[in-house]
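Shown next, in structure tokens, is the structure this report addresses.
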Amino acid sequence: MSAPLPPHPSSSSPARPVLRAETPPPHYWRRWTEDAPDLQAASTLEGDPPAPPPSPGAPGAPAAPGSGSDQPPLESPYRVLIVEDDRPQALFAQSVLHGAGMLAEVEMDAEKVIDSIQRFVPDLLLMDLHLPGRDGMALTKAIRERPEYLDLPIVFLTGDPDPEKQYEVLDNGADDFLSKPVRPRHLIAAVSNRIRRMRQRSPVQVIASTAPDAVQTPQDLNTDTGLHTRSYVQQQLASALEEHAEGGLFFIEIAGALGLRERYGYANYEQLLVQAARQLSALAAPQPLARLNDNSFLVVARGLPREALEGFARLLHDQLAKVLLPVRGTETIQLRAIIGYTELNLGFASREAAIEAAEQATIRARSLPGHVAAHVPAPSASEQARAALDGTTLELLFQPIVSVAGGDQAQFQVLMRLRQADGTLLSAAQVVPAAELSGDIIDLDRQIVGRALDLIARRQVEGAGGLRLFVSQSPRTLTRPDAADWLLGQISRRGIEPSSLVIDIRLSDALIHTMALRDFAQAPMQAGVQFCLSQFEPGAEAEALLSLLPLSYLRVSSRFAGAHTDAALRGQLRTTIDLAHRQNLLVIGQQIEDPQAAAAMWMGGVDFIQGNLVQGVGEDLGFDFHNAVL
């Protein structure tokens, strides 16, 4: 091997020279490599009994040849054979392609490539130029000598800067070459474009059925997976709501997503979700389906009678559970869907309101035996929760975050509470669940951010020195389509330094909404807004987030405050801090109540201390950071 695949550099930002979202953390790939510790195999998820494989022609099963099915066949995912002797680089390329919805297999032995081609039947070969024993050019000649592989696209990965060598590669039968280091987006584009052109010579069908009278363009389909795009399905939803059309909206959640990602690794999980999406889309046709989030899908069933909505939801749930999906090697798994749905013609003010109603039904379905639930418009628990919040006043509280090395930077974590008309105080632990249930969480989050930005702007005008505030936000707020634009607009309107705001994201939320949060964070991060991952607990999935999200800070779990009384916990704390520092993150120790706890944090290498030892939670921003002594 000549040169490693690099992390992807971000746009210019003094605080974030590298976009770590495309850099795998140490040992991340070992979770699905052959030499990784074996995980106990299981073919089903907890809670659903095993079901026999579907018979040919059954819903959710591939149509038998010549079966005469009315459904158009799904376009098979792109298949790429990676010929690479360096395991980390091979698995990195494989994970990138899997994340784009392709099937990718690795062959590390040049002598077995022909056999692998015959078995795997790839659409394209992605080959390293320098292979032990038999180099890539010799192998290409051997492949081209076989008439059936004359048109098989071969793309070389090479770190050789010599243009003559690159011309020689093309002269020996290769179709293209990519020079290392290669960016993941470049790799995906180069591979998918060449396969797409190759397949266009013999077109295959994709899932192109849609709602009645809908006008569909190529942009409405994901060309890599054949599924409808999220924007297309949301447009169909908006149109149906505007016309008060009969039908239903279905929010489909794949159960046990965190466990699946932990068990099989991110690349295998993504491949599994693509397969599930194809099965669900075939079952839902002609109604359009799109992937909404990391583990959820959306179906707009326009024209479906009210009395048929529950049956349609149960069809999707029951038939998906019967399908055996390959997940790793010869292992298969049956997935369980949790489905919430709502009628379309209930007078929703926006498509977001309709999606929220279906999602709330899904949350309720999690606890039901059949895993299917309908949205109940009124009277509802959400209205009761909203009534509890009416007439309350928002109050912000602050707790200083002090550098162990000392300094003048004033920075606080922002907390909140609501005061009722009779003076009763509602804590965040009471308010947030109620706001989530009532649908007011977005408004509440934005009120808190707005108040925090006002404080920063006032401090700036008064010339009282810089102020940095850590503000927690819910994933529902951050994953809205307009979230980044709204936040940057609020910052720009007040004329404040974006780095004065740090968005706090809870670990539990980040694990579920990883990709959506990463997409949201790109523009604010490039503008200078910083991000903190809170309540951090070490673990494979949690540690992967340190590279997937553009973070600046890490707040460790409050249980580490007891590290001074537990040697094992101290060792775990030190390992966690070292890992964070290798990722250029600053570490915050929280809920520090006594000097011994602070000393343990300091000896572990923590950067900041937060807790009652420094100062309790209060309404005052007058803490003296310059003279603070730990």
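By order in the structure tokens, chains are A, B, ...; within a chain, residues start at 1; ligands start at 1, following the order shown.
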
For the alpha helix (DSSP H) assignment from backbone DSSP, which residues of segment 275-439 of chain A qualify? Please present them as a JSON list (two decimals) with N, CA and C atoms, in the first residue's frame.
[["chain", "number", "residue", "atom", "x", "y", "z"],
["A", 275, "GLN", "N", -31.81, -3.00, 3.01],
["A", 275, "GLN", "CA", -32.61, -4.17, 2.66],
["A", 275, "GLN", "C", -34.03, -4.05, 3.22],
["A", 276, "ALA", "N", -34.14, -3.61, 4.48],
["A", 276, "ALA", "CA", -35.46, -3.44, 5.09],
["A", 276, "ALA", "C", -36.29, -2.42, 4.31],
["A", 277, "ALA", "N", -35.64, -1.34, 3.89],
["A", 277, "ALA", "CA", -36.35, -0.30, 3.12],
["A", 277, "ALA", "C", -36.89, -0.87, 1.81],
["A", 278, "ARG", "N", -36.12, -1.69, 1.16],
["A", 278, "ARG", "CA", -36.56, -2.29, -0.11],
["A", 278, "ARG", "C", -37.77, -3.21, 0.12],
["A", 279, "GLN", "N", -37.70, -4.00, 1.18],
["A", 279, "GLN", "CA", -38.83, -4.87, 1.48],
["A", 279, "GLN", "C", -40.09, -4.06, 1.79],
["A", 280, "LEU", "N", -39.94, -3.03, 2.64],
["A", 280, "LEU", "CA", -41.09, -2.21, 3.00],
["A", 280, "LEU", "C", -41.64, -1.47, 1.79],
["A", 281, "SER", "N", -40.76, -0.98, 0.93],
["A", 281, "SER", "CA", -41.21, -0.25, -0.25],
["A", 281, "SER", "C", -41.99, -1.16, -1.19],
["A", 282, "ALA", "N", -41.52, -2.41, -1.34],
["A", 282, "ALA", "CA", -42.25, -3.36, -2.18],
["A", 282, "ALA", "C", -43.62, -3.68, -1.59],
["A", 283, "LEU", "N", -43.68, -3.79, -0.25],
["A", 283, "LEU", "CA", -44.95, -4.08, 0.42],
["A", 283, "LEU", "C", -45.92, -2.89, 0.31],
["A", 284, "ALA", "N", -45.39, -1.67, 0.39],
["A", 284, "ALA", "CA", -46.23, -0.48, 0.40],
["A", 284, "ALA", "C", -46.68, -0.04, -0.99],
["A", 309, "LEU", "N", -56.64, 1.57, 7.09],
["A", 309, "LEU", "CA", -55.35, 2.05, 7.57],
["A", 309, "LEU", "C", -54.69, 1.06, 8.52],
["A", 310, "GLU", "N", -55.45, 0.56, 9.48],
["A", 310, "GLU", "CA", -54.85, -0.38, 10.44],
["A", 310, "GLU", "C", -54.40, -1.65, 9.74],
["A", 311, "GLY", "N", -55.18, -2.15, 8.80],
["A", 311, "GLY", "CA", -54.79, -3.36, 8.07],
["A", 311, "GLY", "C", -53.53, -3.16, 7.28],
["A", 312, "PHE", "N", -53.40, -1.97, 6.69],
["A", 312, "PHE", "CA", -52.18, -1.67, 5.93],
["A", 312, "PHE", "C", -50.96, -1.66, 6.85],
["A", 313, "ALA", "N", -51.12, -1.04, 8.03],
["A", 313, "ALA", "CA", -50.00, -1.00, 8.99],
["A", 313, "ALA", "C", -49.63, -2.41, 9.44],
["A", 314, "ARG", "N", -50.64, -3.24, 9.71],
["A", 314, "ARG", "CA", -50.34, -4.60, 10.17],
["A", 314, "ARG", "C", -49.72, -5.45, 9.06],
["A", 315, "LEU", "N", -50.10, -5.18, 7.83],
["A", 315, "LEU", "CA", -49.46, -5.88, 6.71],
["A", 315, "LEU", "C", -47.97, -5.59, 6.68],
["A", 316, "LEU", "N", -47.61, -4.30, 6.79],
["A", 316, "LEU", "CA", -46.20, -3.93, 6.78],
["A", 316, "LEU", "C", -45.45, -4.59, 7.94],
["A", 317, "HIS", "N", -46.06, -4.53, 9.13],
["A", 317, "HIS", "CA", -45.41, -5.11, 10.31],
["A", 317, "HIS", "C", -45.24, -6.61, 10.17],
["A", 318, "ASP", "N", -46.32, -7.32, 9.83],
["A", 318, "ASP", "CA", -46.28, -8.78, 9.83],
["A", 318, "ASP", "C", -45.40, -9.33, 8.72],
["A", 319, "GLN", "N", -45.48, -8.74, 7.54],
["A", 319, "GLN", "CA", -44.71, -9.29, 6.42],
["A", 319, "GLN", "C", -43.22, -9.02, 6.55],
["A", 320, "LEU", "N", -42.85, -7.85, 7.09],
["A", 320, "LEU", "CA", -41.42, -7.60, 7.30],
["A", 320, "LEU", "C", -40.85, -8.60, 8.29],
["A", 321, "ALA", "N", -41.63, -8.95, 9.31],
["A", 321, "ALA", "CA", -41.15, -9.88, 10.34],
["A", 321, "ALA", "C", -40.91, -11.28, 9.79],
["A", 322, "LYS", "N", -41.48, -11.60, 8.62],
["A", 322, "LYS", "CA", -41.31, -12.93, 8.05],
["A", 322, "LYS", "C", -40.07, -13.05, 7.17],
["A", 351, "ARG", "N", -47.08, 19.74, 7.35],
["A", 351, "ARG", "CA", -46.63, 18.35, 7.23],
["A", 351, "ARG", "C", -45.84, 17.94, 8.47],
["A", 352, "GLU", "N", -45.13, 18.90, 9.10],
["A", 352, "GLU", "CA", -44.40, 18.59, 10.32],
["A", 352, "GLU", "C", -45.36, 18.13, 11.42],
["A", 353, "ALA", "N", -46.53, 18.79, 11.49],
["A", 353, "ALA", "CA", -47.52, 18.41, 12.50],
["A", 353, "ALA", "C", -48.04, 17.00, 12.24],
["A", 354, "ALA", "N", -48.24, 16.66, 10.98],
["A", 354, "ALA", "CA", -48.72, 15.32, 10.64],
["A", 354, "ALA", "C", -47.67, 14.27, 10.98],
["A", 355, "ILE", "N", -46.41, 14.55, 10.62],
["A", 355, "ILE", "CA", -45.34, 13.61, 10.92],
["A", 355, "ILE", "C", -45.20, 13.43, 12.43],
["A", 356, "GLU", "N", -45.32, 14.52, 13.16],
["A", 356, "GLU", "CA", -45.21, 14.45, 14.61],
["A", 356, "GLU", "C", -46.33, 13.59, 15.19],
["A", 357, "ALA", "N", -47.55, 13.72, 14.63],
["A", 357, "ALA", "CA", -48.66, 12.92, 15.12],
["A", 357, "ALA", "C", -48.41, 11.43, 14.88],
["A", 358, "ALA", "N", -47.91, 11.09, 13.69],
["A", 358, "ALA", "CA", -47.61, 9.69, 13.39],
["A", 358, "ALA", "C", -46.47, 9.18, 14.26],
["A", 359, "GLU", "N", -45.46, 10.04, 14.52],
["A", 359, "GLU", "CA", -44.34, 9.63, 15.36],
["A", 359, "GLU", "C", -44.79, 9.39, 16.80],
["A", 360, "GLN", "N", -45.67, 10.24, 17.30],
["A", 360, "GLN", "CA", -46.19, 10.04, 18.65],
["A", 360, "GLN", "C", -46.96, 8.73, 18.75],
["A", 361, "ALA", "N", -47.67, 8.38, 17.69],
["A", 361, "ALA", "CA", -48.36, 7.10, 17.67],
["A", 361, "ALA", "C", -47.36, 5.94, 17.69],
["A", 362, "THR", "N", -46.23, 6.12, 17.02],
["A", 362, "THR", "CA", -45.19, 5.09, 17.03],
["A", 362, "THR", "C", -44.62, 4.91, 18.43],
["A", 363, "ILE", "N", -44.41, 6.03, 19.13],
["A", 363, "ILE", "CA", -43.90, 5.94, 20.50],
["A", 363, "ILE", "C", -44.87, 5.14, 21.37],
["A", 364, "ARG", "N", -46.17, 5.37, 21.17],
["A", 364, "ARG", "CA", -47.17, 4.62, 21.93],
["A", 364, "ARG", "C", -47.17, 3.15, 21.52],
["A", 365, "ALA", "N", -46.92, 2.88, 20.24],
["A", 365, "ALA", "CA", -46.94, 1.50, 19.74],
["A", 365, "ALA", "C", -45.82, 0.65, 20.34],
["A", 381, "ALA", "N", -53.31, 13.27, 25.35],
["A", 381, "ALA", "CA", -52.36, 13.57, 26.43],
["A", 381, "ALA", "C", -51.57, 14.83, 26.10],
["A", 382, "SER", "N", -51.37, 15.10, 24.81],
["A", 382, "SER", "CA", -50.59, 16.27, 24.43],
["A", 382, "SER", "C", -51.30, 17.55, 24.83],
["A", 383, "GLU", "N", -52.63, 17.58, 24.71],
["A", 383, "GLU", "CA", -53.38, 18.77, 25.11],
["A", 383, "GLU", "C", -53.31, 18.96, 26.63],
["A", 384, "GLN", "N", -53.34, 17.86, 27.37],
["A", 384, "GLN", "CA", -53.20, 17.98, 28.81],
["A", 384, "GLN", "C", -51.82, 18.52, 29.17],
["A", 385, "ALA", "N", -50.79, 18.02, 28.46],
["A", 385, "ALA", "CA", -49.43, 18.51, 28.74],
["A", 385, "ALA", "C", -49.31, 19.99, 28.39],
["A", 386, "ARG", "N", -49.94, 20.38, 27.30],
["A", 386, "ARG", "CA", -49.88, 21.79, 26.90],
["A", 386, "ARG", "C", -50.59, 22.68, 27.93],
["A", 387, "ALA", "N", -51.70, 22.16, 28.45],
["A", 387, "ALA", "CA", -52.42, 22.92, 29.47],
["A", 387, "ALA", "C", -51.57, 23.13, 30.72],
["A", 388, "ALA", "N", -50.76, 22.11, 31.05],
["A", 388, "ALA", "CA", -49.90, 22.22, 32.22],
["A", 388, "ALA", "C", -48.82, 23.28, 32.02],
["A", 389, "LEU", "N", -48.43, 23.53, 30.76],
["A", 389, "LEU", "CA", -47.39, 24.51, 30.48],
["A", 389, "LEU", "C", -47.93, 25.91, 30.27],
["A", 428, "ALA", "N", -36.61, 21.20, 34.86],
["A", 428, "ALA", "CA", -36.43, 20.74, 33.48],
["A", 428, "ALA", "C", -36.88, 19.29, 33.34],
["A", 429, "ALA", "N", -36.64, 18.47, 34.37],
["A", 429, "ALA", "CA", -37.04, 17.07, 34.31],
["A", 429, "ALA", "C", -38.55, 16.92, 34.19],
["A", 430, "GLN", "N", -39.31, 17.89, 34.68],
["A", 430, "GLN", "CA", -40.76, 17.88, 34.54],
["A", 430, "GLN", "C", -41.21, 18.53, 33.24],
["A", 431, "VAL", "N", -40.52, 19.57, 32.84],
["A", 431, "VAL", "CA", -40.95, 20.38, 31.71],
["A", 431, "VAL", "C", -40.68, 19.70, 30.38],
["A", 432, "VAL", "N", -39.47, 19.17, 30.20],
["A", 432, "VAL", "CA", -39.09, 18.64, 28.89],
["A", 432, "VAL", "C", -40.00, 17.51, 28.43],
["A", 433, "PRO", "N", -40.30, 16.49, 29.25],
["A", 433, "PRO", "CA", -41.22, 15.45, 28.78],
["A", 433, "PRO", "C", -42.59, 16.00, 28.40],
["A", 434, "ALA", "N", -43.09, 16.95, 29.18],
["A", 434, "ALA", "CA", -44.39, 17.55, 28.87],
["A", 434, "ALA", "C", -44.34, 18.31, 27.55],
["A", 435, "ALA", "N", -43.25, 19.03, 27.33],
["A", 435, "ALA", "CA", -43.10, 19.78, 26.08],
["A", 435, "ALA", "C", -42.95, 18.84, 24.88],
["A", 436, "GLU", "N", -42.26, 17.73, 25.08],
["A", 436, "GLU", "CA", -42.13, 16.72, 24.02],
["A", 436, "GLU", "C", -43.51, 16.18, 23.66],
["A", 437, "LEU", "N", -44.29, 15.86, 24.68],
["A", 437, "LEU", "CA", -45.60, 15.26, 24.46],
["A", 437, "LEU", "C", -46.57, 16.24, 23.82],
["A", 438, "SER", "N", -46.50, 17.49, 24.23],
["A", 438, "SER", "CA", -47.44, 18.49, 23.71],
["A", 438, "SER", "C", -47.03, 19.04, 22.35]]

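Look at Arg79 of chain A: the protein and nucleic acid residues within 10 Å of it, using only C-alpha atoms and passing over chain neighbours fewer than 4 places away, are Leu97, His98, Gly101, Met102, Leu103, Ala104, Glu105, Phe120, Val121, Pro122, Asp123, Leu124, Leu125, Val191, Ser192 and Ile195 of chain A.
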
Got time to write the residues from that selection, C-alpha atoms, as a CSV table (one decimal), in the first residue's frame?
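Dumped to result17.csv:
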chain,number,residue,atom,x,y,z
A,97,LEU,CA,-19.8,2.2,-0.1
A,98,HIS,CA,-22.1,0.4,2.4
A,101,GLY,CA,-26.5,1.7,-0.1
A,102,MET,CA,-24.1,-0.4,-2.1
A,103,LEU,CA,-23.1,-4.0,-1.5
A,104,ALA,CA,-19.3,-4.3,-1.2
A,105,GLU,CA,-17.2,-7.3,-0.6
A,120,PHE,CA,-20.1,-12.3,-6.2
A,121,VAL,CA,-20.9,-11.1,-9.7
A,122,PRO,CA,-19.8,-7.5,-9.1
A,123,ASP,CA,-20.9,-4.4,-11.1
A,124,LEU,CA,-17.4,-3.0,-10.7
A,125,LEU,CA,-13.9,-3.9,-9.4
A,191,VAL,CA,-18.1,4.2,-8.4
A,192,SER,CA,-21.9,5.0,-8.6
A,195,ILE,CA,-22.0,1.6,-12.5

Residue neighbourhood Gly465 of chain A, 10 Å, only C-alpha atoms, exclusion window fewer than 3 positions, as a PyMOL selection string: chain A and resi 408-410+456+459-462

Go ahead and save the picked residues with N, CA and C atoms, as a PDB file, in the first residue's frame.
ATOM      1  N   ASP A 408      -9.539  33.564  32.134  1.00  0.00           N
ATOM      2  CA  ASP A 408     -10.559  34.599  32.294  1.00  0.00           C
ATOM      3  C   ASP A 408     -11.844  34.295  31.534  1.00  0.00           C
ATOM      4  N   GLN A 409     -11.865  33.228  30.726  1.00  0.00           N
ATOM      5  CA  GLN A 409     -13.038  32.948  29.901  1.00  0.00           C
ATOM      6  C   GLN A 409     -14.240  32.604  30.777  1.00  0.00           C
ATOM      7  N   ALA A 410     -15.288  33.412  30.660  1.00  0.00           N
ATOM      8  CA  ALA A 410     -16.530  33.164  31.394  1.00  0.00           C
ATOM      9  C   ALA A 410     -17.387  32.207  30.582  1.00  0.00           C
ATOM     10  N   ILE A 456     -25.560  36.916  25.654  1.00  0.00           N
ATOM     11  CA  ILE A 456     -24.230  37.053  25.058  1.00  0.00           C
ATOM     12  C   ILE A 456     -24.098  38.416  24.387  1.00  0.00           C
ATOM     13  N   ARG A 459     -23.813  41.229  26.979  1.00  0.00           N
ATOM     14  CA  ARG A 459     -22.481  41.231  27.583  1.00  0.00           C
ATOM     15  C   ARG A 459     -21.478  41.871  26.627  1.00  0.00           C
ATOM     16  N   GLN A 460     -21.646  41.596  25.341  1.00  0.00           N
ATOM     17  CA  GLN A 460     -20.741  42.158  24.340  1.00  0.00           C
ATOM     18  C   GLN A 460     -20.897  43.672  24.252  1.00  0.00           C
ATOM     19  N   VAL A 461     -22.131  44.160  24.270  1.00  0.00           N
ATOM     20  CA  VAL A 461     -22.392  45.600  24.192  1.00  0.00           C
ATOM     21  C   VAL A 461     -21.855  46.318  25.427  1.00  0.00           C
ATOM     22  N   GLU A 462     -21.999  45.675  26.580  1.00  0.00           N
ATOM     23  CA  GLU A 462     -21.540  46.287  27.833  1.00  0.00           C
ATOM     24  C   GLU A 462     -20.026  46.240  27.985  1.00  0.00           C
TER      25      GLU A 462
END

Non-local contacts of Phe177 of chain A (12 Å; only C-alpha atoms; under 2 positions in same chain excluded) as a ChimeraX atom specification: /A:125-129,136-137,153-161,163,165-171,173-175,179-182,186-187,190-191,194

Can those selected residues be exported to a file as an mmCIF file, in the first residue's frame so that it contains N, CA and C atoms?
data_model
loop_
_atom_site.group_PDB
_atom_site.id
_atom_site.type_symbol
_atom_site.label_atom_id
_atom_site.label_comp_id
_atom_site.auth_asym_id
_atom_site.auth_seq_id
_atom_site.Cartn_x
_atom_site.Cartn_y
_atom_site.Cartn_z
ATOM 1 N N LEU A 125 -15.056 -3.490 -10.218
ATOM 2 C CA LEU A 125 -13.900 -3.878 -9.409
ATOM 3 C C LEU A 125 -13.173 -2.610 -8.972
ATOM 4 N N LEU A 126 -12.945 -2.485 -7.670
ATOM 5 C CA LEU A 126 -12.144 -1.390 -7.119
ATOM 6 C C LEU A 126 -10.859 -2.023 -6.618
ATOM 7 N N MET A 127 -9.729 -1.763 -7.312
ATOM 8 C CA MET A 127 -8.528 -2.557 -7.111
ATOM 9 C C MET A 127 -7.314 -1.692 -6.760
ATOM 10 N N ASP A 128 -6.556 -2.178 -5.801
ATOM 11 C CA ASP A 128 -5.282 -1.535 -5.484
ATOM 12 C C ASP A 128 -4.269 -1.890 -6.565
ATOM 13 N N LEU A 129 -3.432 -0.934 -6.927
ATOM 14 C CA LEU A 129 -2.448 -1.179 -7.992
ATOM 15 C C LEU A 129 -1.352 -2.127 -7.529
ATOM 16 N N GLY A 136 -1.715 -5.337 -9.741
ATOM 17 C CA GLY A 136 -3.026 -5.057 -10.296
ATOM 18 C C GLY A 136 -3.074 -5.112 -11.806
ATOM 19 N N MET A 137 -2.005 -4.685 -12.487
ATOM 20 C CA MET A 137 -2.028 -4.695 -13.953
ATOM 21 C C MET A 137 -2.024 -6.117 -14.494
ATOM 22 N N PRO A 153 -16.304 -3.014 -15.412
ATOM 23 C CA PRO A 153 -15.518 -1.822 -15.069
ATOM 24 C C PRO A 153 -14.471 -2.133 -13.992
ATOM 25 N N ILE A 154 -13.251 -1.662 -14.218
ATOM 26 C CA ILE A 154 -12.161 -1.822 -13.259
ATOM 27 C C ILE A 154 -11.592 -0.443 -12.960
ATOM 28 N N VAL A 155 -11.646 -0.063 -11.698
ATOM 29 C CA VAL A 155 -11.125 1.235 -11.260
ATOM 30 C C VAL A 155 -9.999 0.980 -10.274
ATOM 31 N N PHE A 156 -8.845 1.594 -10.530
ATOM 32 C CA PHE A 156 -7.688 1.405 -9.658
ATOM 33 C C PHE A 156 -7.607 2.520 -8.619
ATOM 34 N N LEU A 157 -7.192 2.130 -7.431
ATOM 35 C CA LEU A 157 -6.779 3.072 -6.395
ATOM 36 C C LEU A 157 -5.260 3.063 -6.363
ATOM 37 N N THR A 158 -4.665 4.208 -6.604
ATOM 38 C CA THR A 158 -3.203 4.235 -6.638
ATOM 39 C C THR A 158 -2.674 5.484 -5.963
ATOM 40 N N GLY A 159 -1.588 5.304 -5.227
ATOM 41 C CA GLY A 159 -0.897 6.436 -4.633
ATOM 42 C C GLY A 159 0.337 6.818 -5.425
ATOM 43 N N ASP A 160 0.517 6.184 -6.582
ATOM 44 C CA ASP A 160 1.689 6.447 -7.413
ATOM 45 C C ASP A 160 1.479 7.755 -8.180
ATOM 46 N N PRO A 161 2.314 8.783 -7.930
ATOM 47 C CA PRO A 161 2.100 10.073 -8.592
ATOM 48 C C PRO A 161 2.624 10.120 -10.029
ATOM 49 N N PRO A 163 2.625 9.992 -13.727
ATOM 50 C CA PRO A 163 1.577 9.935 -14.761
ATOM 51 C C PRO A 163 1.795 8.804 -15.749
ATOM 52 N N LYS A 165 2.867 5.847 -15.083
ATOM 53 C CA LYS A 165 2.300 4.645 -14.465
ATOM 54 C C LYS A 165 0.785 4.644 -14.603
ATOM 55 N N GLN A 166 0.179 5.817 -14.463
ATOM 56 C CA GLN A 166 -1.268 5.909 -14.588
ATOM 57 C C GLN A 166 -1.715 5.613 -16.017
ATOM 58 N N TYR A 167 -0.948 6.119 -17.009
ATOM 59 C CA TYR A 167 -1.284 5.789 -18.400
ATOM 60 C C TYR A 167 -1.122 4.295 -18.647
ATOM 61 N N GLU A 168 -0.108 3.712 -18.055
ATOM 62 C CA GLU A 168 0.123 2.280 -18.217
ATOM 63 C C GLU A 168 -1.046 1.470 -17.643
ATOM 64 N N VAL A 169 -1.592 1.940 -16.546
ATOM 65 C CA VAL A 169 -2.755 1.288 -15.937
ATOM 66 C C VAL A 169 -3.910 1.255 -16.930
ATOM 67 N N LEU A 170 -4.184 2.389 -17.569
ATOM 68 C CA LEU A 170 -5.284 2.459 -18.521
ATOM 69 C C LEU A 170 -4.998 1.613 -19.753
ATOM 70 N N ASP A 171 -3.754 1.591 -20.198
ATOM 71 C CA ASP A 171 -3.388 0.794 -21.370
ATOM 72 C C ASP A 171 -3.558 -0.691 -21.133
ATOM 73 N N GLY A 173 -5.988 -2.133 -19.590
ATOM 74 C CA GLY A 173 -7.373 -2.588 -19.532
ATOM 75 C C GLY A 173 -8.208 -1.973 -18.442
ATOM 76 N N ALA A 174 -7.633 -1.105 -17.601
ATOM 77 C CA ALA A 174 -8.435 -0.465 -16.559
ATOM 78 C C ALA A 174 -9.300 0.627 -17.180
ATOM 79 N N ASP A 175 -10.408 0.920 -16.547
ATOM 80 C CA ASP A 175 -11.315 1.955 -17.036
ATOM 81 C C ASP A 175 -11.018 3.321 -16.450
ATOM 82 N N SER A 179 -6.667 8.639 -7.557
ATOM 83 C CA SER A 179 -5.393 8.874 -6.886
ATOM 84 C C SER A 179 -5.608 9.009 -5.385
ATOM 85 N N LYS A 180 -4.823 8.286 -4.617
ATOM 86 C CA LYS A 180 -4.858 8.418 -3.163
ATOM 87 C C LYS A 180 -4.108 9.685 -2.759
ATOM 88 N N PRO A 181 -4.542 10.325 -1.682
ATOM 89 C CA PRO A 181 -5.710 9.984 -0.864
ATOM 90 C C PRO A 181 -7.004 10.374 -1.560
ATOM 91 N N VAL A 182 -8.069 9.578 -1.384
ATOM 92 C CA VAL A 182 -9.351 9.827 -2.034
ATOM 93 C C VAL A 182 -10.402 10.105 -0.969
ATOM 94 N N HIS A 186 -15.880 11.464 -3.140
ATOM 95 C CA HIS A 186 -15.316 11.233 -4.467
ATOM 96 C C HIS A 186 -15.401 9.759 -4.821
ATOM 97 N N LEU A 187 -15.083 8.900 -3.873
ATOM 98 C CA LEU A 187 -15.141 7.458 -4.102
ATOM 99 C C LEU A 187 -16.559 7.032 -4.457
ATOM 100 N N ALA A 190 -17.521 8.394 -8.004
ATOM 101 C CA ALA A 190 -16.827 7.731 -9.095
ATOM 102 C C ALA A 190 -17.377 6.330 -9.337
ATOM 103 N N VAL A 191 -17.622 5.610 -8.262
ATOM 104 C CA VAL A 191 -18.114 4.240 -8.386
ATOM 105 C C VAL A 191 -19.561 4.219 -8.885
ATOM 106 N N ARG A 194 -20.067 5.335 -12.628
ATOM 107 C CA ARG A 194 -19.629 4.358 -13.630
ATOM 108 C C ARG A 194 -20.591 3.165 -13.679
#

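Atom pair atom CA of Leu478 of chain A / atom CA of Leu517 of chain A has a distance of 6.8 Å (rounded to one decimal).
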
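Between Arg446 of chain A and the candidates A:Leu418, A:Ala483, A:Leu178, A:Val96, the tightest atom-to-atom separation, counting only C-alpha atoms, involves A:Ala483.
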
DSSP strand (DSSP E) residues within segment 456-577 of chain A, listed as a list in words: Leu467, Arg468, Leu469, Phe470, Val471, Ser472, Leu501, Val502, Ile503, Asp504, Ile505, Arg506, Gln530, Phe531, Cys532, Leu533, Ser534, Gln535, Phe536, Tyr553, Leu554, Arg555 and Val556 of chain A

Option closest in space to Gly99 of chain A, from A:Ala267, A:Leu545, A:Ala189, A:Leu237 [counting only C-alpha atoms]: A:Ala267

Met416 of chain A surroundings by only C-alpha atoms, 8 Å radius, close-in-sequence under 2 positions cut, as a PyMOL selection string: chain A and resi 394-397+414+418+427-428+448

Filtering to C-alpha atoms, could you give me those residues as a PDB file, in the first residue's frame?
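Contents of again.pdb, as written:
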ATOM      1  CA  LEU A 394     -39.408  30.620  31.496  1.00  0.00           C
ATOM      2  CA  GLU A 395     -36.444  31.203  33.815  1.00  0.00           C
ATOM      3  CA  LEU A 396     -32.810  30.495  32.970  1.00  0.00           C
ATOM      4  CA  LEU A 397     -30.273  29.239  35.490  1.00  0.00           C
ATOM      5  CA  VAL A 414     -27.552  27.015  30.825  1.00  0.00           C
ATOM      6  CA  LEU A 418     -40.770  27.195  34.489  1.00  0.00           C
ATOM      7  CA  SER A 427     -37.860  21.651  36.864  1.00  0.00           C
ATOM      8  CA  ALA A 428     -36.433  20.739  33.478  1.00  0.00           C
ATOM      9  CA  ILE A 448     -33.951  29.160  25.495  1.00  0.00           C
TER      10      ILE A 448
END

Closest of A:Leu298, A:Leu241, A:Ala290, A:Leu415 to Val617 of chain A - atom-to-atom distances counting only C-alpha atoms: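 When distances to Val617 of chain A are compared using only C-alpha atoms, the smallest one comes from A:Leu415.
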
Top pick for closest residue to Ala100 of chain A, considering A:Glu270, A:Glu84, A:Asp485, A:Asp162 and counting only C-alpha atoms: A:Glu270

Long-range neighbours of segment 576-578 of chain A as a VMD selection string, 10 Å cut-off, only C-alpha atoms, 6 positions minimum in chain: chain A and resid 536 to 539 543 554 to 556 570 584 to 589 601 604 to 607

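If you look at atom CA of Arg458 of chain A and atom CA of Thr424 of chain A, they are 29.1 Å away from each other.
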
For Trp486 of chain A, the nearest of the candidates A:Ile505, A:Ile401, A:Ala337, A:Ala523, counting only C-alpha atoms: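 Selected residue with least distance to Trp486 of chain A: A:Ala523.
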
d(atom CA of Asp86 of chain A, atom CA of Met108 of chain A) in Å: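 Here the two named atoms are 7.4 Å from each other.
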